[in-house]
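A.B. asks: My structure file final.cif, mmCIF, C-alpha atoms, is below:
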```
data_upload
#
loop_
_atom_site.label_atom_id
_atom_site.label_comp_id
_atom_site.auth_asym_id
_atom_site.auth_seq_id
_atom_site.Cartn_x
_atom_site.Cartn_y
_atom_site.Cartn_z
CA MET A 6 103.61 100.81 120.00
CA ALA A 7 102.32 99.85 116.60
CA TRP A 8 103.45 101.80 113.56
CA THR A 9 101.51 104.91 112.54
CA ARG A 10 100.21 105.33 109.01
CA ASP A 11 103.23 107.46 108.22
CA GLN A 12 105.64 104.88 109.65
CA MET A 13 103.97 102.20 107.55
CA ALA A 14 104.45 104.39 104.48
CA ALA A 15 108.10 104.95 105.42
CA ARG A 16 108.60 101.19 105.68
CA ALA A 17 106.99 100.70 102.28
CA ALA A 18 109.38 103.29 100.80
CA ILE A 19 112.27 100.91 101.63
CA GLU A 20 110.94 98.74 98.79
CA LEU A 21 111.69 101.49 96.25
CA ARG A 22 114.79 101.30 94.05
CA ASP A 23 116.49 103.93 91.94
CA GLY A 24 114.94 104.11 88.48
CA PHE A 25 111.72 102.34 89.45
CA TYR A 26 108.37 103.09 87.83
CA VAL A 27 105.87 102.80 90.67
CA ASN A 28 102.10 102.88 91.05
CA LEU A 29 100.80 104.02 94.44
CA GLY A 30 97.25 103.25 95.53
CA ILE A 31 94.85 105.46 97.47
CA GLY A 32 95.26 106.00 101.23
CA ILE A 33 98.44 105.03 103.08
CA PRO A 34 100.23 104.07 99.82
CA THR A 35 99.91 107.68 98.63
CA LEU A 36 101.98 108.74 101.67
CA VAL A 37 104.91 106.66 100.38
CA SER A 38 105.77 109.51 97.99
CA ASN A 39 106.73 111.61 101.04
CA HIS A 40 109.45 109.08 101.92
CA ILE A 41 111.35 108.65 98.64
CA PRO A 42 115.01 108.74 99.74
CA ALA A 43 117.06 111.76 98.71
CA GLY A 44 119.07 111.06 95.57
CA MET A 45 116.74 108.31 94.39
CA THR A 46 114.76 108.83 91.19
CA VAL A 47 111.35 107.18 91.11
CA GLN A 48 108.66 107.90 88.51
CA LEU A 49 105.14 107.61 89.87
CA GLN A 50 102.49 106.29 87.49
CA SER A 51 98.85 107.25 87.82
CA GLU A 52 96.64 104.75 86.04
CA ASN A 53 94.20 107.31 84.63
CA GLY A 54 97.00 108.31 82.26
CA MET A 55 100.07 110.02 83.69
CA LEU A 56 103.68 109.08 84.30
CA GLY A 57 105.93 111.31 86.37
CA MET A 58 103.42 112.57 88.91
CA GLY A 59 104.40 115.67 90.87
CA PRO A 60 103.26 116.84 94.31
CA PHE A 61 99.95 118.52 95.12
CA PRO A 62 99.68 122.03 93.60
CA TYR A 63 99.95 125.25 95.57
CA GLU A 64 96.60 126.66 96.55
CA GLY A 65 95.13 128.56 93.63
CA GLU A 66 97.10 126.54 91.06
CA GLU A 67 94.83 123.48 90.96
CA ASP A 68 94.02 122.27 87.44
CA ALA A 69 90.85 120.20 86.98
CA ASP A 70 92.48 118.53 83.95
CA LEU A 71 95.42 117.32 86.05
CA ILE A 72 94.39 114.69 88.58
CA ASN A 73 95.69 111.38 89.88
CA ALA A 74 93.84 108.07 90.11
CA GLY A 75 92.38 109.15 93.45
CA LYS A 76 90.86 112.18 91.66
CA GLN A 77 93.19 114.46 93.63
CA THR A 78 94.73 117.52 91.99
CA VAL A 79 98.45 117.00 91.29
CA THR A 80 101.21 118.71 89.27
CA GLU A 81 103.56 117.98 86.39
CA LEU A 82 107.30 117.37 86.56
CA PRO A 83 109.89 117.88 83.80
CA THR A 84 109.67 114.10 83.21
CA THR A 85 105.86 113.97 82.94
CA SER A 86 104.00 112.34 80.09
CA PHE A 87 100.25 111.99 79.54
CA PHE A 88 98.53 109.18 77.65
CA SER A 89 95.21 107.38 77.29
CA SER A 90 93.92 104.85 79.80
CA ALA A 91 94.55 102.13 77.20
CA ASP A 92 98.25 103.07 77.02
CA SER A 93 98.33 103.35 80.79
CA PHE A 94 97.18 99.79 81.25
CA ALA A 95 99.51 98.60 78.53
CA MET A 96 102.25 99.79 80.90
CA ILE A 97 100.62 97.98 83.80
CA ARG A 98 99.45 94.78 82.14
CA GLY A 99 102.54 94.62 79.98
CA GLY A 100 104.81 94.34 83.00
CA HIS A 101 106.52 97.71 82.57
CA ILE A 102 105.75 98.95 86.10
CA ASN A 103 108.26 97.74 88.69
CA LEU A 104 106.26 98.05 91.87
CA SER A 105 102.65 98.51 92.95
CA ILE A 106 101.83 99.55 96.52
CA MET A 107 98.17 99.27 97.47
CA GLY A 108 95.74 98.87 100.35
CA ALA A 109 93.72 95.75 101.12
CA MET A 110 90.72 94.49 103.03
CA GLN A 111 92.05 90.92 103.28
CA VAL A 112 95.21 89.04 102.31
CA ALA A 113 95.56 85.25 102.45
CA GLY A 114 98.71 83.35 103.34
CA ASN A 115 99.11 82.24 99.71
CA GLY A 116 99.07 85.81 98.38
CA ASP A 117 95.39 86.04 97.46
CA LEU A 118 94.11 89.61 97.75
CA ALA A 119 90.64 91.07 98.36
CA ASN A 120 90.26 94.83 98.24
CA TRP A 121 87.31 95.82 96.13
CA MET A 122 83.96 94.66 97.39
CA ILE A 123 81.89 93.74 100.45
CA PRO A 124 78.80 91.94 99.13
CA GLY A 125 75.55 93.59 100.17
CA LYS A 126 77.29 96.43 101.95
CA MET A 127 79.52 98.41 99.70
CA VAL A 128 79.60 99.03 96.00
CA LYS A 129 82.67 100.73 94.71
CA GLY A 130 84.35 98.61 92.08
CA MET A 131 87.84 97.37 91.51
CA GLY A 132 89.11 100.34 89.51
CA GLY A 133 92.56 99.39 88.27
CA ALA A 134 93.44 97.08 91.16
CA MET A 135 92.83 93.80 89.30
CA ASP A 136 94.99 94.97 86.39
CA LEU A 137 97.75 96.14 88.72
CA VAL A 138 98.01 92.87 90.64
CA ALA A 139 97.87 90.87 87.41
CA GLY A 140 100.50 92.89 85.59
CA VAL A 141 102.95 94.52 87.98
CA LYS A 142 106.06 92.55 88.85
CA ARG A 143 106.03 93.16 92.59
CA VAL A 144 102.94 93.90 94.69
CA VAL A 145 103.25 95.35 98.19
CA VAL A 146 100.17 95.69 100.42
CA VAL A 147 100.06 98.30 103.17
CA MET A 148 97.13 97.93 105.57
CA GLU A 149 96.04 97.94 109.20
CA HIS A 150 96.64 94.52 110.74
CA THR A 151 93.01 94.16 111.82
CA ALA A 152 89.62 95.71 110.99
CA LYS A 153 87.37 96.32 114.00
CA GLY A 154 89.46 93.79 115.94
CA LYS A 155 89.15 91.09 113.27
CA PRO A 156 92.20 89.69 111.46
CA LYS A 157 92.79 90.74 107.86
CA LEU A 158 95.62 88.24 107.27
CA LEU A 159 93.57 85.10 106.73
CA LYS A 160 93.92 81.43 105.82
CA SER A 161 91.75 82.26 102.82
CA CYS A 162 89.94 85.45 101.85
CA THR A 163 86.20 85.54 102.54
CA LEU A 164 85.55 88.60 100.35
CA PRO A 165 85.51 88.55 96.53
CA LEU A 166 89.09 88.34 95.26
CA THR A 167 91.03 90.99 93.39
CA GLY A 168 93.64 88.46 92.34
CA THR A 169 94.99 85.04 93.23
CA ARG A 170 98.58 84.58 94.46
CA VAL A 171 99.53 88.16 93.71
CA VAL A 172 100.89 89.71 96.94
CA ASP A 173 104.66 89.66 97.60
CA LEU A 174 104.87 91.67 100.80
CA VAL A 175 102.43 92.87 103.47
CA ILE A 176 103.23 95.84 105.71
CA THR A 177 100.84 96.35 108.63
CA ASP A 178 100.96 98.52 111.72
CA LEU A 179 102.35 95.49 113.60
CA GLY A 180 105.00 94.13 111.23
CA VAL A 181 106.08 92.95 107.80
CA PHE A 182 105.29 89.61 106.12
CA GLU A 183 106.85 88.13 103.00
CA ILE A 184 104.72 85.85 100.84
CA ASP A 185 106.17 83.24 98.50
CA LYS A 186 103.33 83.68 96.01
CA ALA A 187 104.88 81.69 93.18
CA GLY A 188 106.61 78.95 95.11
CA GLY A 189 103.80 78.18 97.53
CA GLY A 190 106.12 78.61 100.50
CA GLY A 191 103.52 80.57 102.43
CA MET A 192 103.91 83.62 104.61
CA THR A 193 106.87 84.60 106.80
CA LEU A 194 106.98 87.30 109.45
CA VAL A 195 110.21 89.17 108.70
CA GLU A 196 109.93 92.35 110.79
CA VAL A 197 108.09 93.40 113.93
CA ALA A 198 107.11 97.02 114.65
CA ASP A 199 108.84 98.63 117.62
CA GLY A 200 107.21 97.66 120.89
CA VAL A 201 105.03 94.98 119.31
CA THR A 202 105.37 91.40 120.57
CA LEU A 203 105.25 88.17 118.60
CA GLU A 204 102.31 87.14 120.81
CA GLN A 205 100.42 90.26 119.84
CA ILE A 206 100.89 89.43 116.16
CA ALA A 207 99.92 85.80 116.67
CA GLU A 208 96.69 86.84 118.42
CA SER A 209 95.61 89.11 115.58
CA THR A 210 96.64 86.93 112.62
CA GLU A 211 94.50 84.08 111.31
CA ALA A 212 96.79 83.03 108.44
CA ALA A 213 99.51 80.50 109.13
CA TYR A 214 103.01 81.98 109.01
CA SER A 215 106.53 81.17 110.00
CA VAL A 216 108.76 83.56 111.90
CA ALA A 217 112.08 84.55 110.39
CA SER A 218 115.11 83.57 112.43
CA GLY A 219 116.36 86.37 114.65
CA LEU A 220 112.91 87.72 115.58
CA MET B 30 81.13 118.33 51.83
CA THR B 31 79.48 117.10 55.02
CA ASN B 32 79.40 119.49 57.89
CA LYS B 33 80.35 117.93 61.22
CA VAL B 34 79.81 121.09 63.24
CA TYR B 35 76.55 121.48 65.15
CA PRO B 36 75.35 124.57 67.02
CA ASP B 37 74.85 122.89 70.41
CA ALA B 38 74.69 119.56 72.24
CA SER B 39 70.99 118.91 71.66
CA ALA B 40 71.33 119.57 67.95
CA ALA B 41 74.39 117.31 67.76
CA LEU B 42 72.47 114.42 69.35
CA ASP B 43 69.32 114.93 67.30
CA GLY B 44 68.18 111.67 65.72
CA LEU B 45 70.79 109.59 67.53
CA LEU B 46 69.06 108.78 70.81
CA ASN B 47 66.70 105.85 71.37
CA ASP B 48 65.44 103.99 74.44
CA SER B 49 67.57 100.93 75.34
CA MET B 50 70.56 102.13 73.33
CA THR B 51 74.20 101.74 74.39
CA LEU B 52 76.12 104.93 75.11
CA MET B 53 79.83 105.43 75.78
CA SER B 54 80.71 108.49 77.85
CA GLY B 55 84.32 109.62 78.23
CA GLY B 56 86.09 110.86 81.33
CA PHE B 57 87.75 109.65 84.50
CA GLY B 58 85.87 110.83 87.57
CA LEU B 59 84.75 114.31 86.56
CA CYS B 60 87.93 114.91 84.54
CA GLY B 61 87.39 115.10 80.79
CA ILE B 62 83.67 114.33 80.88
CA PRO B 63 81.44 115.51 78.00
CA GLU B 64 79.37 117.67 80.30
CA ALA B 65 77.20 119.44 77.73
CA LEU B 66 76.44 116.21 75.85
CA ILE B 67 75.55 114.37 79.08
CA ALA B 68 73.15 117.18 79.96
CA ALA B 69 71.59 116.94 76.51
CA VAL B 70 71.12 113.16 76.81
CA ALA B 71 69.52 113.71 80.22
CA SER B 72 67.12 116.37 78.97
CA SER B 73 66.17 114.25 75.94
CA GLY B 74 64.38 111.88 78.32
CA VAL B 75 65.74 108.77 76.59
CA LYS B 76 65.41 105.76 78.90
CA ASN B 77 66.70 102.29 79.74
CA LEU B 78 70.24 103.15 78.67
CA THR B 79 73.30 100.97 78.91
CA VAL B 80 76.13 103.37 79.70
CA ILE B 81 79.78 102.42 79.30
CA SER B 82 81.85 104.82 81.39
CA ASN B 83 84.68 104.30 83.86
CA ASN B 84 82.74 106.07 86.62
CA ALA B 85 79.16 107.17 87.27
CA GLY B 86 79.81 110.81 88.12
CA VAL B 87 79.03 112.17 91.56
CA ASP B 88 75.66 113.11 92.98
CA GLY B 89 74.15 115.69 90.64
CA ILE B 90 77.23 116.08 88.39
CA GLY B 91 78.27 114.21 85.27
CA LEU B 92 76.43 110.90 84.85
CA GLY B 93 74.99 111.51 88.31
CA VAL B 94 72.44 113.68 86.52
CA MET B 95 71.14 110.67 84.59
CA LEU B 96 70.92 108.61 87.77
CA GLU B 97 68.59 111.19 89.29
CA THR B 98 66.35 110.92 86.27
CA ARG B 99 66.61 107.10 86.34
CA GLN B 100 67.52 106.90 82.67
CA ILE B 101 70.27 104.33 83.19
CA HIS B 102 69.39 100.65 83.32
CA LYS B 103 72.93 99.29 83.23
CA MET B 104 76.44 100.63 83.74
CA VAL B 105 79.68 99.09 82.51
CA SER B 106 82.22 100.67 84.86
CA SER B 107 85.31 100.00 86.93
CA TYR B 108 84.59 102.24 89.89
CA VAL B 109 81.43 103.93 91.12
CA GLY B 110 82.49 104.65 94.71
CA GLU B 111 81.97 108.41 94.58
CA ASN B 112 78.24 108.32 94.03
CA LYS B 113 75.82 107.73 96.93
CA LEU B 114 72.74 107.64 94.70
CA PHE B 115 74.42 105.05 92.52
CA ALA B 116 75.20 102.87 95.54
CA LYS B 117 71.59 103.10 96.67
CA GLN B 118 70.13 102.27 93.25
CA PHE B 119 72.57 99.36 92.92
CA LEU B 120 71.90 97.89 96.35
CA ASP B 121 68.14 98.34 95.79
CA GLY B 122 68.45 96.41 92.53
CA ASP B 123 67.28 99.35 90.40
CA ILE B 124 70.44 99.44 88.33
CA VAL B 125 72.65 96.70 86.94
CA VAL B 126 76.43 97.04 86.95
CA GLU B 127 78.91 95.10 84.90
CA PHE B 128 82.02 95.75 86.96
CA THR B 129 84.97 95.67 84.60
CA PRO B 130 88.58 96.20 85.68
CA GLN B 131 89.76 99.60 84.52
CA GLY B 132 92.46 98.30 82.19
CA THR B 133 90.16 95.63 80.82
CA LEU B 134 87.52 98.29 80.20
CA ALA B 135 90.02 100.50 78.38
CA GLU B 136 91.22 97.58 76.27
CA ARG B 137 87.68 96.31 75.55
CA ILE B 138 86.83 99.72 74.13
CA ARG B 139 90.12 99.98 72.24
CA ALA B 140 89.55 96.49 70.81
CA GLY B 141 85.94 97.22 69.88
CA GLY B 142 86.99 100.30 67.98
CA ALA B 143 89.79 98.41 66.24
CA GLY B 144 87.55 95.60 65.02
CA ILE B 145 88.81 93.03 67.50
CA PRO B 146 85.90 91.04 68.98
CA ALA B 147 87.78 89.52 71.92
CA PHE B 148 91.19 89.23 73.58
CA PHE B 149 92.84 87.40 76.46
CA THR B 150 94.14 89.08 79.61
CA ARG B 151 95.55 87.93 82.93
CA THR B 152 93.46 90.55 84.72
CA GLY B 153 90.67 88.98 86.73
CA VAL B 154 91.74 85.34 86.47
CA GLY B 155 90.45 83.48 89.55
CA THR B 156 87.99 86.26 90.46
CA THR B 157 84.27 86.83 89.89
CA VAL B 158 85.23 88.84 86.79
CA ALA B 159 86.25 85.59 85.05
CA GLU B 160 83.03 83.72 85.89
CA GLY B 161 81.33 82.36 82.79
CA LYS B 162 84.21 83.39 80.53
CA GLU B 163 86.66 81.22 78.64
CA VAL B 164 90.00 80.81 80.43
CA ARG B 165 92.93 79.63 78.35
CA GLU B 166 96.57 78.90 79.11
CA PHE B 167 99.29 80.66 77.15
CA ASP B 168 102.97 80.05 77.92
CA GLY B 169 102.13 78.49 81.28
CA ALA B 170 99.86 81.27 82.60
CA GLN B 171 96.07 81.54 82.73
CA TYR B 172 94.25 84.24 80.77
CA VAL B 173 90.57 85.14 80.61
CA MET B 174 88.80 86.06 77.39
CA GLU B 175 87.21 89.51 77.34
CA ARG B 176 84.97 90.88 74.60
CA GLY B 177 85.53 94.06 72.66
CA LEU B 178 82.95 96.77 73.33
CA VAL B 179 81.09 98.89 70.83
CA ALA B 180 78.28 101.40 71.32
CA ASP B 181 75.54 103.10 69.36
CA VAL B 182 76.82 106.53 70.30
CA ALA B 183 79.99 107.77 72.02
CA ILE B 184 80.15 111.21 73.62
CA VAL B 185 83.64 112.55 74.30
CA HIS B 186 85.31 115.72 75.53
CA ALA B 187 88.46 117.21 74.00
CA TRP B 188 90.49 120.36 74.50
CA LYS B 189 90.90 121.42 70.89
CA GLY B 190 89.25 120.24 67.74
CA ASP B 191 88.95 121.36 64.16
CA THR B 192 85.89 121.29 61.95
CA GLU B 193 87.17 118.05 60.37
CA GLY B 194 86.88 116.37 63.78
CA ASN B 195 90.58 116.08 64.58
CA LEU B 196 90.98 116.18 68.36
CA ILE B 197 93.62 117.06 70.95
CA TYR B 198 93.10 116.29 74.63
CA ARG B 199 94.62 118.10 77.60
CA LYS B 200 96.63 116.42 80.40
CA THR B 201 94.74 113.68 82.28
CA ALA B 202 91.44 114.72 80.66
CA ARG B 203 92.43 112.35 77.83
CA ASN B 204 91.75 109.09 79.75
CA PHE B 205 88.98 107.06 78.03
CA ASN B 206 88.01 109.66 75.42
CA PRO B 207 90.31 108.57 72.54
CA MET B 208 89.25 104.89 72.68
CA MET B 209 85.57 105.70 72.96
CA ALA B 210 85.79 107.99 69.95
CA THR B 211 86.75 104.92 67.88
CA ALA B 212 84.19 102.47 69.22
CA ALA B 213 80.73 103.77 68.42
CA LYS B 214 78.55 103.91 65.31
CA VAL B 215 78.37 107.67 65.82
CA THR B 216 80.84 109.73 67.87
CA VAL B 217 79.95 113.19 69.08
CA ALA B 218 82.71 115.40 70.51
CA GLU B 219 82.51 118.60 72.51
CA VAL B 220 85.63 120.77 72.35
CA GLU B 221 86.73 123.78 74.34
CA GLU B 222 88.34 125.39 71.29
CA LEU B 223 87.06 124.80 67.78
CA VAL B 224 89.39 125.84 64.94
CA GLU B 225 89.60 125.60 61.17
CA PRO B 226 91.52 122.76 59.46
CA GLY B 227 95.21 123.56 59.33
CA GLU B 228 95.28 125.32 62.66
CA LEU B 229 96.15 122.16 64.61
CA ASP B 230 99.62 120.66 64.17
CA PRO B 231 98.97 117.28 62.47
CA ASP B 232 101.74 115.75 64.60
CA GLN B 233 99.85 116.66 67.77
CA ILE B 234 96.45 115.26 66.79
CA MET B 235 95.45 112.41 69.11
CA THR B 236 92.12 111.41 67.56
CA PRO B 237 92.00 111.67 63.76
CA GLY B 238 88.80 113.17 62.39
CA ILE B 239 87.67 109.91 60.78
CA PHE B 240 86.53 108.79 64.23
CA VAL B 241 84.43 111.90 64.91
CA ASP B 242 81.04 112.36 63.21
CA ARG B 243 79.69 115.43 64.96
CA ILE B 244 81.36 118.20 66.93
CA ILE B 245 80.24 121.14 69.05
CA HIS B 246 82.10 124.11 70.42
CA TYR B 247 81.68 124.18 74.21
CA PRO B 248 84.03 126.81 75.64
CA ASP B 249 82.52 126.97 79.12
CA ALA B 250 83.13 123.48 80.54
CA SER B 251 82.67 123.74 84.32
CA LYS B 252 85.54 121.33 85.12
CA HIS B 253 84.68 120.24 88.63
CA ILE B 254 87.42 119.04 90.97
CA GLU B 255 86.47 116.05 93.12
CA GLN B 256 89.41 116.09 95.52
CA ARG B 257 91.00 119.51 95.80
CA THR B 258 94.40 118.74 97.29
CA THR B 259 97.08 121.41 97.76
CA ARG B 260 100.38 121.94 99.57
CA PRO B 261 101.45 125.00 101.56
CA ARG B 262 103.79 127.48 99.90
CA GLU B 263 107.30 127.54 101.29
CA ALA B 264 107.84 130.61 103.47
#
```
Hey, can you dump this file as structure tokens for me?

C.D. replies:
Amino acid sequence: MAWTRDQMAARAAIELRDGFYVNLGIGIPTLVSNHIPAGMTVQLQSENGMLGMGPFPYEGEEDADLINAGKQTVTELPTTSFFSSADSFAMIRGGHINLSIMGAMQVAGNGDLANWMIPGKMVKGMGGAMDLVAGVKRVVVVMEHTAKGKPKLLKSCTLPLTGTRVVDLVITDLGVFEIDKAGGGGMTLVEVADGVTLEQIAESTEAAYSVASGL
Amino acid sequence: MTNKVYPDASAALDGLLNDSMTLMSGGFGLCGIPEALIAAVASSGVKNLTVISNNAGVDGIGLGVMLETRQIHKMVSSYVGENKLFAKQFLDGDIVVEFTPQGTLAERIRAGGAGIPAFFTRTGVGTTVAEGKEVREFDGAQYVMERGLVADVAIVHAWKGDTEGNLIYRKTARNFNPMMATAAKVTVAEVEELVEPGELDPDQIMTPGIFVDRIIHYPDASKHIEQRTTRPREA
């Protein structure tokens, strides 16, 4: 059995460390906040201009002036601060955020990432994704291993890039891959989801990768 | 003494709007958008606008209103995914978009307002965003040159303001508003509470009045929520 979305989020939460400032993307990455280990303090940054993001409000307590980067209503914490989008991206671009967890359409074996555009089909925009991958120290991608049966881990991305050599770790429903983005050492399969076989992963992965010893 | 206070949005924009002008419009999604001023721009009928705004509203709300009336020729934005009409006009070639990464957009506006014509950033290196732009190496890493942005008019939304134009924003409704207020020839602000000078704590003022030319009192902002997310109360 492949991992569920929630299991993928739980695996991503293992990347958190006490005291980290973390930016979570939309979709599965948002679920990571449900898996912060007890006793660990992590401040979540929302790139529209908030640090110390709290949970969703109780019904009836939603505040239109208090939203996250996914435009969802959220709440304050005692640690919360608000600031402009320029200050927010000074945090991001300036290397002050420890970890960014985001979704992806495609990841290449060298760490290239595509997650903002499908030419001719979809127009959304990159939002803050290009700034996050360029400025945050460690970038973790959480995504389904394939899209409509086609591999998303590729030799090279076919979609317009969000950043080059930016991804450190990829968590899919089938397993976990480390990428040596700076050293050029390529991609290594380091974990396999319960009940998933190495053959299954090989069949649905186009990118070249090595398999960590012990798997 | 000049009076910055105008009776309503249309009056505050009188004489400022021209076809083919560049307009900055504050807000992130529908949070902190200058709703009354957007409506006044729409009803003015001004055309062929270049609009600098992080998003393009949603269908029928915010800048979505100006898409329906086809007043926008070009958008400079980071994300327009919420708006079906926008997607259609873009894919049909009716509207031009300069996609700009969100942090680069914020910094381009900040730089424009601060008199800085260009800066270098790592954001976008090796992507389509860097095409046609100077790339330079600093300390062993590649950076792309981005230009500062300025506009003819900026419209912004704030929580509190005084008649001098000093502004205070509320929570995440701040977003792009403070930078835009600095980056236009004329800045027009709508505020939910308008007070006399001295009633705001000078230490709390986020946008000093020098950046604001005209101001209106708009107490009834509709404040739409795009994604209403809640959690159940504990039993």

A.B. asks: Work out how far apart atom CA of Tyr108 of chain B and atom CA of Val27 of chain A are and give it in Å to one decimal.

C.D. replies: 21.3 Å

A.B. asks: What's the separation between atom CA of Pro146 of chain B and atom CA of Ser107 of chain B, in Å to one decimal place?

C.D. replies: 20.1 Å

A.B. asks: Extract, using all atoms listed in the file, all DNA, RNA and protein residues at most 9 Å from segment 98-102 of chain B, discarding same-chain residues fewer than 3 positions from it, and format them as a PyMOL selection string.

C.D. replies: chain B and resi 48-49+71+74-80+93-95+123-126

A.B. asks: Determine the residue set returned by the PyMOL selection byres ((chain B) within 8 of (chain A)) for the present structure, and present it as JSON, numbers by chain.

C.D. replies: {"B": [57, 58, 60, 61, 106, 107, 108, 109, 110, 111, 116, 119, 120, 128, 129, 130, 131, 132, 133, 135, 136, 139, 151, 152, 153, 154, 155, 156, 157, 199, 200, 201, 202, 203, 204, 205, 206, 207, 208, 252, 253, 254, 255, 256, 257, 258, 259, 260, 261, 262]}

A.B. asks: List, as a PyMOL selection string, every residue that the PyMOL selection byres ((chain B and resi 185) around 8) selects in the file provided.

C.D. replies: chain B and resi 54-56+61-63+183-184+186-187+206-207+209-210+216-219

A.B. asks: Mind writing the picked residues with C-alpha atoms as an mmCIF file, in the frame of the given file?

C.D. replies:
```
data_model
loop_
_atom_site.group_PDB
_atom_site.id
_atom_site.type_symbol
_atom_site.label_atom_id
_atom_site.label_comp_id
_atom_site.auth_asym_id
_atom_site.auth_seq_id
_atom_site.Cartn_x
_atom_site.Cartn_y
_atom_site.Cartn_z
ATOM 1 C CA SER B 54 80.710 108.490 77.850
ATOM 2 C CA GLY B 55 84.320 109.620 78.230
ATOM 3 C CA GLY B 56 86.090 110.860 81.330
ATOM 4 C CA GLY B 61 87.390 115.100 80.790
ATOM 5 C CA ILE B 62 83.670 114.330 80.880
ATOM 6 C CA PRO B 63 81.440 115.510 78.000
ATOM 7 C CA ALA B 183 79.990 107.770 72.020
ATOM 8 C CA ILE B 184 80.150 111.210 73.620
ATOM 9 C CA HIS B 186 85.310 115.720 75.530
ATOM 10 C CA ALA B 187 88.460 117.210 74.000
ATOM 11 C CA ASN B 206 88.010 109.660 75.420
ATOM 12 C CA PRO B 207 90.310 108.570 72.540
ATOM 13 C CA MET B 209 85.570 105.700 72.960
ATOM 14 C CA ALA B 210 85.790 107.990 69.950
ATOM 15 C CA THR B 216 80.840 109.730 67.870
ATOM 16 C CA VAL B 217 79.950 113.190 69.080
ATOM 17 C CA ALA B 218 82.710 115.400 70.510
ATOM 18 C CA GLU B 219 82.510 118.600 72.510
#
```

A.B. asks: Write segment 32-43 of chain B as a PDB file, keeping the file's coordinate frame, completed to N, CA, C and O atoms.

C.D. replies:
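Okay, rebuild-v1.pdb is ready:
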```pdb
ATOM      1  N   ASN B  32      79.044 118.587  56.807  1.00  0.00           N
ATOM      2  CA  ASN B  32      79.400 119.490  57.890  1.00  0.00           C
ATOM      3  C   ASN B  32      79.264 118.752  59.219  1.00  0.00           C
ATOM      4  O   ASN B  32      78.189 118.289  59.579  1.00  0.00           O
ATOM      5  N   LYS B  33      80.376 118.638  59.934  1.00  0.00           N
ATOM      6  CA  LYS B  33      80.350 117.930  61.220  1.00  0.00           C
ATOM      7  C   LYS B  33      79.983 118.857  62.378  1.00  0.00           C
ATOM      8  O   LYS B  33      79.765 118.389  63.487  1.00  0.00           O
ATOM      9  N   VAL B  34      79.992 120.142  62.136  1.00  0.00           N
ATOM     10  CA  VAL B  34      79.810 121.090  63.240  1.00  0.00           C
ATOM     11  C   VAL B  34      78.337 121.372  63.481  1.00  0.00           C
ATOM     12  O   VAL B  34      77.602 121.687  62.551  1.00  0.00           O
ATOM     13  N   TYR B  35      77.932 121.228  64.751  1.00  0.00           N
ATOM     14  CA  TYR B  35      76.550 121.480  65.150  1.00  0.00           C
ATOM     15  C   TYR B  35      76.523 122.645  66.141  1.00  0.00           C
ATOM     16  O   TYR B  35      77.505 122.872  66.861  1.00  0.00           O
ATOM     17  N   PRO B  36      75.386 123.348  66.197  1.00  0.00           N
ATOM     18  CA  PRO B  36      75.350 124.570  67.020  1.00  0.00           C
ATOM     19  C   PRO B  36      75.403 124.297  68.524  1.00  0.00           C
ATOM     20  O   PRO B  36      75.924 125.119  69.287  1.00  0.00           O
ATOM     21  N   ASP B  37      74.823 123.169  68.965  1.00  0.00           N
ATOM     22  CA  ASP B  37      74.850 122.890  70.410  1.00  0.00           C
ATOM     23  C   ASP B  37      74.674 121.385  70.637  1.00  0.00           C
ATOM     24  O   ASP B  37      74.492 120.616  69.680  1.00  0.00           O
ATOM     25  N   ALA B  38      74.692 120.991  71.907  1.00  0.00           N
ATOM     26  CA  ALA B  38      74.690 119.560  72.240  1.00  0.00           C
ATOM     27  C   ALA B  38      73.397 118.881  71.806  1.00  0.00           C
ATOM     28  O   ALA B  38      73.433 117.768  71.265  1.00  0.00           O
ATOM     29  N   SER B  39      72.265 119.528  72.033  1.00  0.00           N
ATOM     30  CA  SER B  39      70.990 118.910  71.660  1.00  0.00           C
ATOM     31  C   SER B  39      70.909 118.700  70.148  1.00  0.00           C
ATOM     32  O   SER B  39      70.462 117.645  69.679  1.00  0.00           O
ATOM     33  N   ALA B  40      71.348 119.685  69.409  1.00  0.00           N
ATOM     34  CA  ALA B  40      71.330 119.570  67.950  1.00  0.00           C
ATOM     35  C   ALA B  40      72.259 118.445  67.489  1.00  0.00           C
ATOM     36  O   ALA B  40      71.935 117.683  66.571  1.00  0.00           O
ATOM     37  N   ALA B  41      73.408 118.326  68.165  1.00  0.00           N
ATOM     38  CA  ALA B  41      74.390 117.310  67.760  1.00  0.00           C
ATOM     39  C   ALA B  41      73.892 115.901  68.047  1.00  0.00           C
ATOM     40  O   ALA B  41      74.337 114.945  67.411  1.00  0.00           O
ATOM     41  N   LEU B  42      72.980 115.751  69.008  1.00  0.00           N
ATOM     42  CA  LEU B  42      72.470 114.420  69.350  1.00  0.00           C
ATOM     43  C   LEU B  42      71.137 114.128  68.673  1.00  0.00           C
ATOM     44  O   LEU B  42      70.597 113.024  68.802  1.00  0.00           O
ATOM     45  N   ASP B  43      70.627 115.094  67.931  1.00  0.00           N
ATOM     46  CA  ASP B  43      69.320 114.930  67.300  1.00  0.00           C
ATOM     47  C   ASP B  43      69.305 113.721  66.371  1.00  0.00           C
ATOM     48  O   ASP B  43      70.177 113.570  65.521  1.00  0.00           O
TER      49      ASP B  43
END
```
